[in-house]
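Below is run-v7.txt, which holds compact mmCIF, C-alpha atoms and all ligand atoms.
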```txt
# COMPACT_ATOMS: atom_id res chain seq x y z
CA MET A 1 79.72 19.73 122.51
CA TYR A 2 79.16 16.20 123.68
CA TYR A 3 77.62 15.17 126.95
CA TYR A 4 78.49 11.99 128.80
CA SER A 5 76.37 10.22 131.36
CA THR A 6 77.52 10.36 134.99
CA ASN A 7 76.68 6.63 135.07
CA ASP A 8 78.53 5.67 131.93
CA HIS A 9 81.38 7.85 130.69
CA SER A 10 81.57 6.04 127.36
CA LEU A 11 78.01 7.07 126.46
CA LYS A 12 78.14 10.40 124.61
CA VAL A 13 75.32 12.40 123.02
CA GLY A 14 75.01 15.91 121.52
CA PHE A 15 73.00 18.80 122.94
CA GLU A 16 69.89 17.96 120.93
CA GLU A 17 69.76 14.39 122.11
CA ALA A 18 70.53 15.30 125.72
CA THR A 19 67.69 17.85 125.63
CA ILE A 20 65.19 15.43 124.14
CA GLN A 21 66.13 12.59 126.48
CA GLY A 22 66.37 14.67 129.65
CA GLN A 23 67.76 11.93 131.81
CA ALA A 24 70.53 9.61 130.63
CA PRO A 25 69.73 5.85 130.58
CA GLY A 26 70.02 4.09 133.93
CA LYS A 27 69.15 7.28 135.82
CA GLY A 28 72.42 9.01 134.89
CA LEU A 29 72.83 12.74 134.38
CA TYR A 30 74.28 14.29 131.25
CA PHE A 31 77.42 16.30 131.83
CA PRO A 32 79.43 18.37 129.32
CA CYS A 33 82.62 16.66 128.07
CA PHE A 34 84.57 19.86 128.60
CA ILE A 35 83.88 23.21 130.19
CA PRO A 36 84.46 26.16 127.86
CA SER A 37 86.68 29.06 128.95
CA LEU A 38 85.59 32.62 128.31
CA PRO A 39 88.34 35.10 127.39
CA PRO A 40 89.53 37.22 130.39
CA ASP A 41 88.99 40.39 128.35
CA PHE A 42 85.38 39.45 127.84
CA ILE A 43 84.89 39.01 131.58
CA LYS A 44 86.75 42.25 132.34
CA ASP A 45 84.54 44.24 129.95
CA LEU A 46 81.36 42.38 130.76
CA ASN A 47 79.31 45.52 131.36
CA SER A 48 80.02 46.82 127.88
CA TYR A 49 77.93 43.98 126.40
CA ALA A 50 74.16 43.61 126.21
CA LYS A 51 72.74 40.79 128.33
CA GLU A 52 71.59 38.97 125.17
CA GLU A 53 75.18 38.98 123.88
CA ILE A 54 76.55 37.68 127.15
CA ALA A 55 73.99 34.90 127.33
CA LEU A 56 74.71 33.89 123.74
CA ARG A 57 78.46 33.82 124.38
CA VAL A 58 77.96 31.65 127.47
CA ILE A 59 75.59 29.10 125.93
CA GLN A 60 76.92 28.86 122.37
CA PRO A 61 79.68 26.29 123.06
CA TYR A 62 77.17 24.07 124.88
CA VAL A 63 74.74 24.08 121.97
CA SER A 64 77.37 23.98 119.19
CA ASN A 65 75.80 23.49 115.78
CA ASP A 66 72.66 21.78 117.05
CA ILE A 67 70.76 25.06 116.70
CA PRO A 68 71.65 27.54 113.92
CA ALA A 69 73.05 30.89 115.09
CA VAL A 70 70.00 33.01 114.16
CA GLU A 71 67.62 30.64 115.94
CA LEU A 72 69.81 30.47 119.03
CA GLU A 73 70.05 34.25 119.11
CA ARG A 74 66.26 34.49 119.11
CA ILE A 75 65.86 31.78 121.77
CA VAL A 76 68.39 33.45 124.05
CA ALA A 77 66.82 36.89 123.59
CA GLU A 78 63.37 35.53 124.49
CA THR A 79 64.84 33.68 127.47
CA VAL A 80 66.33 36.79 129.09
CA ALA A 81 63.58 39.24 128.09
CA PHE A 82 63.12 40.67 131.59
CA ASP A 83 65.23 42.44 134.24
CA PHE A 84 67.81 40.90 136.56
CA PRO A 85 68.61 43.83 138.88
CA LEU A 86 71.25 43.65 141.59
CA VAL A 87 69.67 45.61 144.45
CA PRO A 88 71.75 46.76 147.44
CA VAL A 89 70.26 45.67 150.79
CA THR A 90 73.08 46.56 153.25
CA GLY A 91 76.57 47.92 152.69
CA ASP A 92 77.90 44.38 152.23
CA ILE A 93 74.93 42.45 150.87
CA ALA A 94 72.99 42.85 147.63
CA SER A 95 70.06 40.90 146.24
CA LEU A 96 70.16 39.57 142.69
CA GLU A 97 66.46 39.60 141.88
CA LEU A 98 65.56 36.71 139.62
CA PHE A 99 61.80 37.07 139.95
CA HIS A 100 60.95 39.50 137.19
CA GLY A 101 59.88 36.81 134.71
CA PRO A 102 56.31 35.66 133.93
CA THR A 103 55.91 33.27 136.89
CA LEU A 104 57.93 35.40 139.32
CA ALA A 105 60.71 32.89 139.97
CA PHE A 106 64.19 32.18 138.57
CA LYS A 107 62.98 28.94 137.01
CA ASP A 108 61.46 31.01 134.19
CA VAL A 109 64.95 31.30 132.69
CA GLY A 110 65.60 27.57 132.40
CA ALA A 111 62.01 26.75 131.43
CA ARG A 112 61.86 29.37 128.69
CA PHE A 113 65.16 28.29 127.20
CA MET A 114 64.34 24.61 127.32
CA SER A 115 60.83 24.91 125.88
CA ARG A 116 62.15 26.91 122.94
CA CYS A 117 65.01 24.50 122.25
CA LEU A 118 62.63 21.58 122.37
CA ARG A 119 60.19 23.32 120.05
CA TYR A 120 63.04 23.81 117.59
CA PHE A 121 64.24 20.21 117.82
CA LEU A 122 60.74 18.83 117.32
CA ARG A 123 59.88 21.02 114.35
CA HIS A 124 59.62 18.00 112.03
CA GLU A 125 58.27 15.51 114.58
CA ASN A 126 54.87 13.91 113.99
CA LYS A 127 54.57 12.07 117.29
CA LYS A 128 53.38 14.15 120.25
CA VAL A 129 55.95 14.71 123.00
CA THR A 130 54.95 14.39 126.64
CA VAL A 131 56.93 16.50 129.07
CA LEU A 132 56.72 14.95 132.52
CA VAL A 133 57.77 17.09 135.44
CA ALA A 134 57.73 16.84 139.23
CA THR A 135 57.62 20.13 141.12
CA SER A 136 58.16 21.15 144.71
CA GLY A 137 56.66 24.53 143.92
CA ASP A 138 58.11 26.77 141.25
CA THR A 139 59.17 24.40 138.49
CA GLY A 140 55.59 23.54 137.60
CA GLY A 141 54.49 27.11 137.01
CA ALA A 142 57.59 28.05 135.02
CA VAL A 143 57.39 24.93 132.85
CA ALA A 144 53.66 25.31 132.33
CA ASP A 145 54.15 28.91 131.25
CA GLY A 146 57.15 28.07 129.03
CA PHE A 147 55.27 25.31 127.19
CA CYS A 148 51.75 26.69 127.22
CA ASP A 149 50.25 26.35 123.73
CA VAL A 150 53.47 24.91 122.27
CA GLU A 151 52.21 22.71 119.48
CA GLY A 152 53.03 19.01 119.62
CA VAL A 153 53.90 19.10 123.32
CA ASP A 154 51.77 17.84 126.22
CA VAL A 155 52.90 18.81 129.70
CA ILE A 156 52.07 16.74 132.78
CA ILE A 157 52.97 18.25 136.13
CA LEU A 158 53.09 16.29 139.39
CA TYR A 159 52.98 18.30 142.60
CA PRO A 160 52.62 17.36 146.29
CA SER A 161 49.09 18.16 147.46
CA GLY A 162 48.94 20.89 150.10
CA LYS A 163 52.70 21.47 150.00
CA VAL A 164 52.85 24.31 147.47
CA SER A 165 51.61 27.87 148.07
CA ALA A 166 48.15 28.98 146.85
CA ILE A 167 49.61 31.15 144.10
CA GLN A 168 52.03 28.42 143.00
CA GLU A 169 49.12 26.00 142.77
CA LEU A 170 47.08 28.42 140.66
CA GLN A 171 50.05 28.95 138.34
CA LEU A 172 50.21 25.28 137.51
CA THR A 173 46.56 24.27 137.58
CA THR A 174 44.82 27.04 135.65
CA LEU A 175 46.43 27.10 132.22
CA GLY A 176 44.52 24.16 130.77
CA ASN A 177 44.97 23.28 127.08
CA ASN A 178 48.13 21.19 126.74
CA ILE A 179 48.98 21.47 130.47
CA SER A 180 47.66 18.89 132.99
CA ALA A 181 48.29 19.00 136.74
CA LEU A 182 48.41 15.84 138.87
CA GLU A 183 47.94 16.49 142.57
CA VAL A 184 49.85 13.73 144.37
CA GLU A 185 48.83 12.97 147.94
CA GLY A 186 52.44 12.65 149.11
CA SER A 187 55.76 14.51 149.16
CA PHE A 188 57.87 16.05 146.40
CA ASP A 189 60.19 13.05 146.62
CA ASP A 190 57.17 10.81 145.89
CA CYS A 191 56.44 12.91 142.80
CA GLN A 192 60.06 12.80 141.69
CA GLN A 193 60.22 9.05 142.25
CA MET A 194 57.06 8.50 140.16
CA VAL A 195 58.50 10.55 137.31
CA LYS A 196 61.80 8.65 137.45
CA ALA A 197 59.97 5.32 137.38
CA ALA A 198 57.89 6.40 134.38
CA PHE A 199 61.08 7.23 132.46
CA GLY A 200 62.46 3.79 133.19
CA ASP A 201 59.30 1.99 132.03
CA LYS A 202 59.61 0.12 128.72
CA GLU A 203 55.89 -0.14 128.07
CA LEU A 204 55.43 3.60 128.52
CA ALA A 205 58.41 4.31 126.29
CA GLU A 206 56.71 2.36 123.50
CA LYS A 207 53.46 4.23 123.84
CA LEU A 208 54.67 7.76 124.53
CA PHE A 209 57.58 9.99 123.64
CA LEU A 210 58.44 11.04 127.20
CA THR A 211 60.87 13.73 128.22
CA SER A 212 61.59 15.60 131.44
CA ALA A 213 61.71 19.30 132.24
CA ASN A 214 63.32 19.02 135.65
CA SER A 215 66.61 20.73 136.36
CA ILE A 216 68.33 17.49 135.35
CA ASN A 217 67.66 18.47 131.73
CA VAL A 218 70.76 20.19 130.36
CA ALA A 219 68.59 22.73 128.50
CA ARG A 220 67.15 23.88 131.81
CA TRP A 221 70.32 23.59 133.80
CA LEU A 222 72.87 25.35 131.58
CA PRO A 223 71.07 28.69 130.89
CA GLN A 224 70.93 29.28 134.65
CA GLN A 225 74.53 30.43 134.25
CA PHE A 226 73.32 33.61 132.54
CA TYR A 227 72.25 35.55 135.58
CA TYR A 228 75.46 34.86 137.47
CA PHE A 229 77.13 36.85 134.70
CA PHE A 230 74.39 39.50 134.85
CA GLY A 231 74.97 39.78 138.60
CA TYR A 232 78.70 40.19 138.14
CA MET A 233 78.10 42.73 135.39
CA GLN A 234 76.43 44.96 138.00
CA TRP A 235 78.98 44.20 140.73
CA ALA A 236 80.92 47.40 141.41
CA GLU A 237 83.41 46.08 144.01
CA LYS A 238 87.02 45.22 143.20
CA GLN A 239 86.93 41.89 145.01
CA PRO A 240 84.90 39.05 143.52
CA PRO A 241 81.54 38.48 145.24
CA VAL A 242 80.56 35.74 147.64
CA ILE A 243 77.39 34.28 146.09
CA SER A 244 74.74 32.71 148.28
CA VAL A 245 72.30 30.35 146.56
CA PRO A 246 69.12 29.05 148.22
CA SER A 247 69.37 25.40 147.26
CA GLY A 248 67.08 22.40 146.90
CA ASN A 249 67.91 20.20 143.94
CA PHE A 250 71.23 22.06 143.49
CA GLY A 251 70.73 22.81 139.80
CA ASN A 252 71.02 26.54 140.34
CA ILE A 253 74.22 26.52 142.40
CA CYS A 254 75.71 23.92 140.07
CA ALA A 255 75.14 26.30 137.13
CA GLY A 256 76.93 29.01 139.10
CA LEU A 257 79.86 26.67 139.70
CA LEU A 258 79.98 26.02 135.97
CA ALA A 259 80.00 29.78 135.24
CA HIS A 260 82.87 30.15 137.69
CA ARG A 261 84.77 27.34 135.98
CA SER A 262 84.33 29.19 132.68
CA GLY A 263 86.01 32.26 134.14
CA LEU A 264 83.44 34.16 136.20
CA PRO A 265 85.20 35.62 139.28
CA VAL A 266 83.57 34.34 142.48
CA GLN A 267 85.08 34.36 145.96
CA LYS A 268 82.95 31.58 147.36
CA PHE A 269 79.62 29.89 146.81
CA ILE A 270 77.26 29.39 149.71
CA ALA A 271 74.90 26.44 149.64
CA ALA A 272 72.09 27.93 151.71
CA CYS A 273 69.68 25.21 152.85
CA ASN A 274 66.62 24.86 155.03
CA ALA A 275 66.14 21.82 157.30
CA ASN A 276 66.72 19.65 154.21
CA ASP A 277 70.45 20.09 154.62
CA VAL A 278 72.09 17.07 153.06
CA MET A 279 74.74 19.28 151.41
CA PRO A 280 75.83 21.24 154.50
CA ARG A 281 76.08 17.89 156.32
CA TYR A 282 78.12 16.46 153.48
CA LEU A 283 80.47 19.47 153.61
CA ASN A 284 80.93 18.91 157.34
CA THR A 285 81.43 15.16 157.29
CA GLY A 286 82.39 14.09 153.77
CA HIS A 287 79.47 11.66 153.81
CA TYR A 288 76.46 12.00 151.56
CA ALA A 289 73.45 10.87 153.56
CA PRO A 290 70.09 11.62 151.90
CA LYS A 291 67.08 11.67 154.19
CA GLU A 292 63.30 12.04 154.15
CA THR A 293 62.07 15.45 153.04
CA VAL A 294 61.07 17.82 155.84
CA PRO A 295 58.40 20.42 154.97
CA THR A 296 59.54 24.02 155.56
CA LEU A 297 58.53 27.60 154.76
CA SER A 298 60.90 27.59 151.78
CA ASN A 299 59.08 24.70 150.14
CA ALA A 300 60.82 24.85 146.76
CA MET A 301 63.94 23.74 148.61
CA ASP A 302 62.33 20.79 150.38
CA VAL A 303 64.44 18.11 148.75
CA GLY A 304 65.93 15.22 150.72
CA ASP A 305 68.06 13.72 147.96
CA PRO A 306 69.11 16.45 145.52
CA SER A 307 69.38 15.19 141.96
CA ASN A 308 72.26 17.46 140.93
CA PHE A 309 74.60 16.28 143.66
CA ASN A 310 76.37 13.97 141.22
CA ARG A 311 76.99 16.86 138.86
CA ILE A 312 78.79 18.73 141.64
CA LEU A 313 80.94 15.65 142.28
CA GLU A 314 81.67 15.43 138.57
CA LEU A 315 82.59 19.10 138.33
CA PHE A 316 85.19 18.67 141.06
CA ASN A 317 86.43 15.27 139.94
CA HIS A 318 85.03 13.75 143.12
CA GLN A 319 87.65 15.65 145.17
CA PHE A 320 86.05 16.42 148.50
CA HIS A 321 88.69 19.00 149.49
CA SER A 322 88.14 21.01 146.26
CA ILE A 323 84.39 21.03 146.83
CA LYS A 324 84.91 22.22 150.39
CA GLU A 325 87.26 24.95 149.22
CA MET A 326 84.68 26.44 146.87
CA ILE A 327 81.38 25.83 148.69
CA SER A 328 80.33 26.68 152.24
CA GLY A 329 77.14 25.13 153.59
CA PHE A 330 74.61 26.62 156.00
CA THR A 331 71.42 25.26 157.53
CA ILE A 332 68.74 27.84 158.32
CA SER A 333 65.64 26.99 160.36
CA ASP A 334 62.10 28.24 159.76
CA ALA A 335 62.28 30.29 162.96
CA GLU A 336 65.42 31.99 161.64
CA VAL A 337 63.72 32.62 158.30
CA LYS A 338 60.85 34.39 160.06
CA ARG A 339 63.16 36.56 162.13
CA THR A 340 65.27 37.35 159.06
CA ILE A 341 62.30 38.44 156.94
CA GLU A 342 61.09 40.69 159.72
CA ARG A 343 64.51 42.16 160.52
CA VAL A 344 65.55 42.79 156.91
CA TYR A 345 62.19 44.37 156.17
CA GLN A 346 62.20 46.60 159.26
CA LYS A 347 65.86 47.54 159.22
CA HIS A 348 66.69 47.68 155.52
CA LYS A 349 63.26 48.16 153.93
CA TYR A 350 63.79 45.12 151.76
CA LEU A 351 61.34 42.23 151.72
CA PRO A 352 62.91 38.84 150.97
CA ASP A 353 60.78 35.78 150.25
CA PRO A 354 61.39 32.70 152.47
CA HIS A 355 63.94 31.23 149.99
CA GLY A 356 65.82 34.51 149.64
CA ALA A 357 65.77 34.85 153.43
CA VAL A 358 67.58 31.50 153.81
CA ALA A 359 70.26 32.73 151.42
CA TYR A 360 70.44 36.18 153.03
CA LEU A 361 71.04 34.82 156.53
CA ALA A 362 73.58 32.25 155.31
CA LEU A 363 75.49 35.02 153.53
CA GLU A 364 75.34 37.30 156.55
CA ARG A 365 76.75 34.52 158.74
CA TYR A 366 79.53 33.79 156.29
CA LEU A 367 80.50 37.46 156.04
CA GLN A 368 80.55 37.78 159.84
CA SER A 369 83.37 35.28 160.02
CA ASN A 370 85.11 36.48 156.83
CA ALA A 371 85.71 40.17 157.43
CA GLY A 372 86.22 42.44 154.43
CA GLN A 373 84.30 40.29 151.98
CA LYS A 374 81.04 41.26 150.31
CA GLY A 375 78.48 39.38 148.32
CA PHE A 376 75.03 38.92 146.90
CA PHE A 377 72.31 36.36 147.36
CA LEU A 378 69.98 35.05 144.70
CA GLU A 379 66.43 36.21 145.40
CA THR A 380 64.80 33.31 143.61
CA ALA A 381 61.10 34.18 143.97
CA HIS A 382 58.87 37.21 144.47
CA PRO A 383 57.61 37.41 148.09
CA ILE A 384 54.01 37.54 146.80
CA LYS A 385 54.31 33.85 145.87
CA PHE A 386 54.48 33.16 149.60
CA ASN A 387 52.19 35.96 150.74
CA ASP A 388 50.53 33.87 153.49
CA THR A 389 53.87 33.39 155.21
CA VAL A 390 55.35 36.79 154.51
CA GLU A 391 52.29 38.87 155.42
CA GLU A 392 51.90 37.12 158.74
CA ILE A 393 55.54 37.86 159.58
CA ILE A 394 55.58 41.56 158.67
CA GLY A 395 51.94 42.23 159.63
CA GLU A 396 51.26 44.02 156.35
CA THR A 397 49.79 43.02 153.03
CA VAL A 398 52.07 42.72 150.01
CA ALA A 399 50.81 44.45 146.86
CA LEU A 400 49.69 42.05 144.13
CA PRO A 401 51.53 42.27 140.82
CA PHE A 402 49.15 42.46 137.85
CA SER A 403 49.87 38.94 136.59
CA ILE A 404 48.78 37.53 139.96
CA GLN A 405 45.57 39.58 140.08
CA GLN A 406 44.47 37.88 136.88
CA LEU A 407 45.38 34.46 138.23
CA LEU A 408 43.15 34.74 141.28
CA SER A 409 39.96 34.73 139.24
CA LYS A 410 40.85 31.49 137.45
CA GLU A 411 39.62 28.03 138.33
CA LYS A 412 41.96 25.31 139.60
CA LYS A 413 41.87 22.08 137.60
CA SER A 414 43.83 19.07 138.90
CA ILE A 415 43.58 15.30 139.04
CA LYS A 416 44.22 13.71 142.44
CA LEU A 417 46.59 10.77 142.53
CA LYS A 418 47.85 8.53 145.36
CA PRO A 419 51.65 8.14 145.42
CA GLY A 420 53.15 5.07 143.73
CA ASP A 421 54.76 4.35 140.38
CA ALA A 422 51.84 2.22 139.17
CA ARG A 423 49.31 5.05 139.55
CA LEU A 424 51.17 7.37 137.24
CA LYS A 425 51.71 4.62 134.71
CA GLU A 426 48.01 3.79 134.75
CA TYR A 427 47.16 7.44 134.18
CA LEU A 428 49.61 7.77 131.30
CA MET A 429 48.56 4.53 129.64
CA GLU A 430 44.92 5.56 129.69
CA ARG A 431 45.43 9.00 128.21
C1 LIG B 1 63.57 25.71 142.77
C2 LIG B 1 63.80 26.79 143.74
C3 LIG B 1 64.94 26.82 144.54
C4 LIG B 1 65.96 25.71 144.55
O1 LIG B 1 66.70 25.66 143.35
P1 LIG B 1 67.54 24.34 142.98
O2 LIG B 1 68.09 24.58 141.64
O3 LIG B 1 66.56 23.20 143.01
O4 LIG B 1 68.58 24.19 144.04
C5 LIG B 1 65.13 27.92 145.37
N1 LIG B 1 64.23 28.91 145.45
C6 LIG B 1 63.10 28.91 144.70
C7 LIG B 1 62.14 30.03 144.85
C8 LIG B 1 62.86 27.86 143.82
O5 LIG B 1 61.75 27.87 143.09
```
Would you mind writing the file out in structure tokens?
Amino acid sequence: MYYYSTNDHSLKVGFEEATIQGQAPGKGLYFPCFIPSLPPDFIKDLNSYAKEEIALRVIQPYVSNDIPAVELERIVAETVAFDFPLVPVTGDIASLELFHGPTLAFKDVGARFMSRCLRYFLRHENKKVTVLVATSGDTGGAVADGFCDVEGVDVIILYPSGKVSAIQELQLTTLGNNISALEVEGSFDDCQQMVKAAFGDKELAEKLFLTSANSINVARWLPQQFYYFFGYMQWAEKQPPVISVPSGNFGNICAGLLAHRSGLPVQKFIAACNANDVMPRYLNTGHYAPKETVPTLSNAMDVGDPSNFNRILELFNHQFHSIKEMISGFTISDAEVKRTIERVYQKHKYLPDPHGAVAYLALERYLQSNAGQKGFFLETAHPIKFNDTVEEIIGETVALPFSIQQLLSKEKKSIKLKPGDARLKEYLMER
């Protein structure tokens, strides 16, 4: 498989190079030259396969010969080594729980796959690799966990001070060793901007071997297709599901769209957004108008200018009407999130986290105006990650999973940084 850059279609690299580079030169995104088709029989008999087999089938064409079959088999098995249950919530709505991994969020899948691919690609490398990543909440923890103690790799995480939950912060500031956390006194977009600038800096490129672990990296983006297949595997209805995806940078939904293009039956995708609703507005108007990030209760989706938007355009050949046909957009306010968490918990005995609640309500609204359809939403994080918010809403405490109990006794270690490209460069040059 070759990948071209969304900025320059004549530039083509293999999976290994795309993974090591992360971002294409000139701030482009790597995009697969073709989208593989899975045989209809395979899709029809999906639930007769093990999840490891499905994942391998899905990812193999994207990796080609860049990783030998035995290695890839191992990487895939380690990537999906936890449960992905589809849990019924109402008669029409189910929750695909993606929070059973080590950091309790769906980003574990992409981070585990990418860290293992990178480890394989760098097996003969003498120069240390620095993974630079900006996080609005969950990426940092998943990447830190995926790379913790990986030899030859340093991880530097930038996160917006005071804008991630207490547990998220502990997950990215307590690992130590090869993981460093930079606490930026600004927004997620500031963090993302600083990372982008560092990648474009010639002086830094000479000193360090920099790579990214954001969802722009194909090795994080592509494996997110797996659980769409796992969800469908457990889908008992005749009609294909409507799938609602709580979206921020749009990597997750874009992976779902890719899975659909490869043959996965899906009725409709729902781009479920909080107040940072550039996509729903685009779907209404045909104009892409990024704006300043607004802080919300679903902070991992607080993105004003989603970096995977161009991949969605690419996937649909820049045809607005095709995008509109496949994706419906919804904007859900914080007040609605609170009411939804309370109502779903009281009425259906299911506790969504604030991100899942955005997707739940968007799906419910869609189904109300599309009678006879059913669907599932992606529950992207465990509610305990947002226990302050959730406990206040339901007036009860949420039981702590064991992994979190251990975390609470650890000490936070971060370095404070003012926003601005020069500050990050200074920090990196001095390391
Ligand atoms: C990252 C994240 C999202 C948004 O996913 P994107 O791929 O950036 O659209 C949604 N929910 C949670 C819990 C997240 O951590």
Neighbouring residues of ligand LIG 1 (chain B) are defined here as those with any atom at most 7 Å from a ligand atom, counting only C-alpha atoms and all ligand atoms; list them as a PDB file with C-alpha atoms, in the frame of the given file.
```pdb
ATOM      1  CA  ALA A 105      60.710  32.890 139.970  1.00  0.00           C
ATOM      2  CA  PHE A 106      64.190  32.180 138.570  1.00  0.00           C
ATOM      3  CA  LYS A 107      62.980  28.940 137.010  1.00  0.00           C
ATOM      4  CA  GLY A 137      56.660  24.530 143.920  1.00  0.00           C
ATOM      5  CA  ASP A 138      58.110  26.770 141.250  1.00  0.00           C
ATOM      6  CA  THR A 139      59.170  24.400 138.490  1.00  0.00           C
ATOM      7  CA  SER A 215      66.610  20.730 136.360  1.00  0.00           C
ATOM      8  CA  PRO A 246      69.120  29.050 148.220  1.00  0.00           C
ATOM      9  CA  SER A 247      69.370  25.400 147.260  1.00  0.00           C
ATOM     10  CA  GLY A 248      67.080  22.400 146.900  1.00  0.00           C
ATOM     11  CA  ASN A 249      67.910  20.200 143.940  1.00  0.00           C
ATOM     12  CA  PHE A 250      71.230  22.060 143.490  1.00  0.00           C
ATOM     13  CA  GLY A 251      70.730  22.810 139.800  1.00  0.00           C
ATOM     14  CA  ASN A 252      71.020  26.540 140.340  1.00  0.00           C
ATOM     15  CA  ILE A 253      74.220  26.520 142.400  1.00  0.00           C
ATOM     16  CA  ALA A 300      60.820  24.850 146.760  1.00  0.00           C
ATOM     17  CA  MET A 301      63.940  23.740 148.610  1.00  0.00           C
ATOM     18  CA  HIS A 355      63.940  31.230 149.990  1.00  0.00           C
ATOM     19  CA  THR A 380      64.800  33.310 143.610  1.00  0.00           C
ATOM     20  CA  ALA A 381      61.100  34.180 143.970  1.00  0.00           C
TER      21      ALA A 381
END
```
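Distance check against Arg431 of chain A using all atoms listed in the file: of A:Tyr3, A:Lys410, A:Ser180, A:Gln225, the minimum falls on A:Ser180.
From atom CA of Ile75 of chain A back to atom CA of Ile404 of chain A, the distance works out to 25.6 Å.
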Nearest to Glu17 of chain A, chosen from A:Gln171, A:Ser414, A:Ser165, A:Asn217, with all atoms listed in the file counted in the distances: A:Asn217
Calculated over all atoms listed in the file, which of the candidates A:Ala289, A:Ala422, A:Leu29, A:Leu158 has the smallest distance to Asp189 of chain A?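 Nearest candidate to Asp189 of chain A out of A:Ala289, A:Ala422, A:Leu29, A:Leu158: A:Leu158.
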Quote the spacing between atom CA of Arg339 of chain A and atom CA of Thr296 of chain A in Å to one decimal place.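 Atom CA of Thr296 of chain A lies at a distance of 14.6 Å from atom CA of Arg339 of chain A.
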Within 12 Å of Lys238 of chain A, counting only C-alpha atoms, which residues qualify if same-chain residues fewer than 4 places away don't, as a PDB file with C-alpha atoms, in the coordinates of the input?
```pdb
ATOM      1  CA  LYS A  44      86.750  42.250 132.340  1.00  0.00           C
ATOM      2  CA  TYR A 232      78.700  40.190 138.140  1.00  0.00           C
ATOM      3  CA  GLN A 234      76.430  44.960 138.000  1.00  0.00           C
ATOM      4  CA  PRO A 265      85.200  35.620 139.280  1.00  0.00           C
ATOM      5  CA  VAL A 266      83.570  34.340 142.480  1.00  0.00           C
ATOM      6  CA  GLN A 267      85.080  34.360 145.960  1.00  0.00           C
ATOM      7  CA  GLY A 372      86.220  42.440 154.430  1.00  0.00           C
ATOM      8  CA  GLN A 373      84.300  40.290 151.980  1.00  0.00           C
ATOM      9  CA  LYS A 374      81.040  41.260 150.310  1.00  0.00           C
ATOM     10  CA  GLY A 375      78.480  39.380 148.320  1.00  0.00           C
TER      11      GLY A 375
END
```
Neighbouring residues of Gly286 of chain A were defined as those with any atom within 12 Å, considering only C-alpha atoms; residues of the same chain fewer than 5 positions away were excluded. Please report them as a count of residues only. 12
Contacts between segment 108-111 of chain A and segment 143-257 of chain A, please, where a residue of segment 143-257 of chain A counts if it comes within 9 Å (with all atoms listed in the file); show its shortest atom pair and distance in Å to one decimal, rows by chain and ascending number, as CSV.
```
residue,atom,partner,partner_atom,distance
A:Val143,CA,A:Ala111,CA,5.2
A:Ala144,CA,A:Ala111,CA,8.5
A:Asp145,CA,A:Ala111,CA,8.2
A:Gly146,CA,A:Ala111,CA,5.6
A:Phe147,CA,A:Ala111,CA,8.1
A:Ala213,CA,A:Ala111,CA,7.5
A:Asn214,CA,A:Ala111,CA,8.9
A:Ser215,CA,A:Gly110,CA,8.0
A:Ala219,CA,A:Gly110,CA,6.9
A:Arg220,CA,A:Gly110,CA,4.0
A:Trp221,CA,A:Gly110,CA,6.3
A:Leu222,CA,A:Gly110,CA,7.6
A:Pro223,CA,A:Gly110,CA,5.8
A:Gln224,CA,A:Gly110,CA,6.0
A:Phe226,CA,A:Val109,CA,8.7
A:Tyr227,CA,A:Val109,CA,8.9
```
Hey, what's within 9 Å of segment 193-206 of chain A if we count all atoms listed in the file and toss same-chain stuff fewer than 5 positions away? As a PDB file with C-alpha atoms, in the coordinates of the input, please?
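Written out: result20.pdb:
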```
ATOM      1  CA  GLN A  23      67.760  11.930 131.810  1.00  0.00           C
ATOM      2  CA  PRO A  25      69.730   5.850 130.580  1.00  0.00           C
ATOM      3  CA  GLY A  26      70.020   4.090 133.930  1.00  0.00           C
ATOM      4  CA  LYS A  27      69.150   7.280 135.820  1.00  0.00           C
ATOM      5  CA  LEU A 132      56.720  14.950 132.520  1.00  0.00           C
ATOM      6  CA  VAL A 133      57.770  17.090 135.440  1.00  0.00           C
ATOM      7  CA  ALA A 134      57.730  16.840 139.230  1.00  0.00           C
ATOM      8  CA  LEU A 158      53.090  16.290 139.390  1.00  0.00           C
ATOM      9  CA  PHE A 188      57.870  16.050 146.400  1.00  0.00           C
ATOM     10  CA  THR A 211      60.870  13.730 128.220  1.00  0.00           C
ATOM     11  CA  SER A 212      61.590  15.600 131.440  1.00  0.00           C
ATOM     12  CA  PRO A 419      51.650   8.140 145.420  1.00  0.00           C
ATOM     13  CA  GLY A 420      53.150   5.070 143.730  1.00  0.00           C
ATOM     14  CA  ASP A 421      54.760   4.350 140.380  1.00  0.00           C
ATOM     15  CA  ALA A 422      51.840   2.220 139.170  1.00  0.00           C
ATOM     16  CA  ARG A 423      49.310   5.050 139.550  1.00  0.00           C
ATOM     17  CA  LEU A 424      51.170   7.370 137.240  1.00  0.00           C
ATOM     18  CA  LYS A 425      51.710   4.620 134.710  1.00  0.00           C
ATOM     19  CA  LEU A 428      49.610   7.770 131.300  1.00  0.00           C
ATOM     20  CA  MET A 429      48.560   4.530 129.640  1.00  0.00           C
TER      21      MET A 429
END
```
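When the distance limit is 9 Å and all atoms listed in the file are what count, the residues near Ile384 of chain A, minus those fewer than 6 positions from it on the same chain, are A:Leu104, A:Ile167, A:Asp353, A:Val390, A:Glu391, A:Val398, A:Ala399, A:Leu400, A:Pro401, A:Ile404.
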Taking into account all atoms listed in the file, which residue in the set A:Asn299, A:Ser48, A:Asn310, A:Asn178 is nearest to Phe386 of chain A?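 Of A:Asn299, A:Ser48, A:Asn310, A:Asn178, the one nearest Phe386 of chain A, counting all atoms listed in the file, is A:Asn299.
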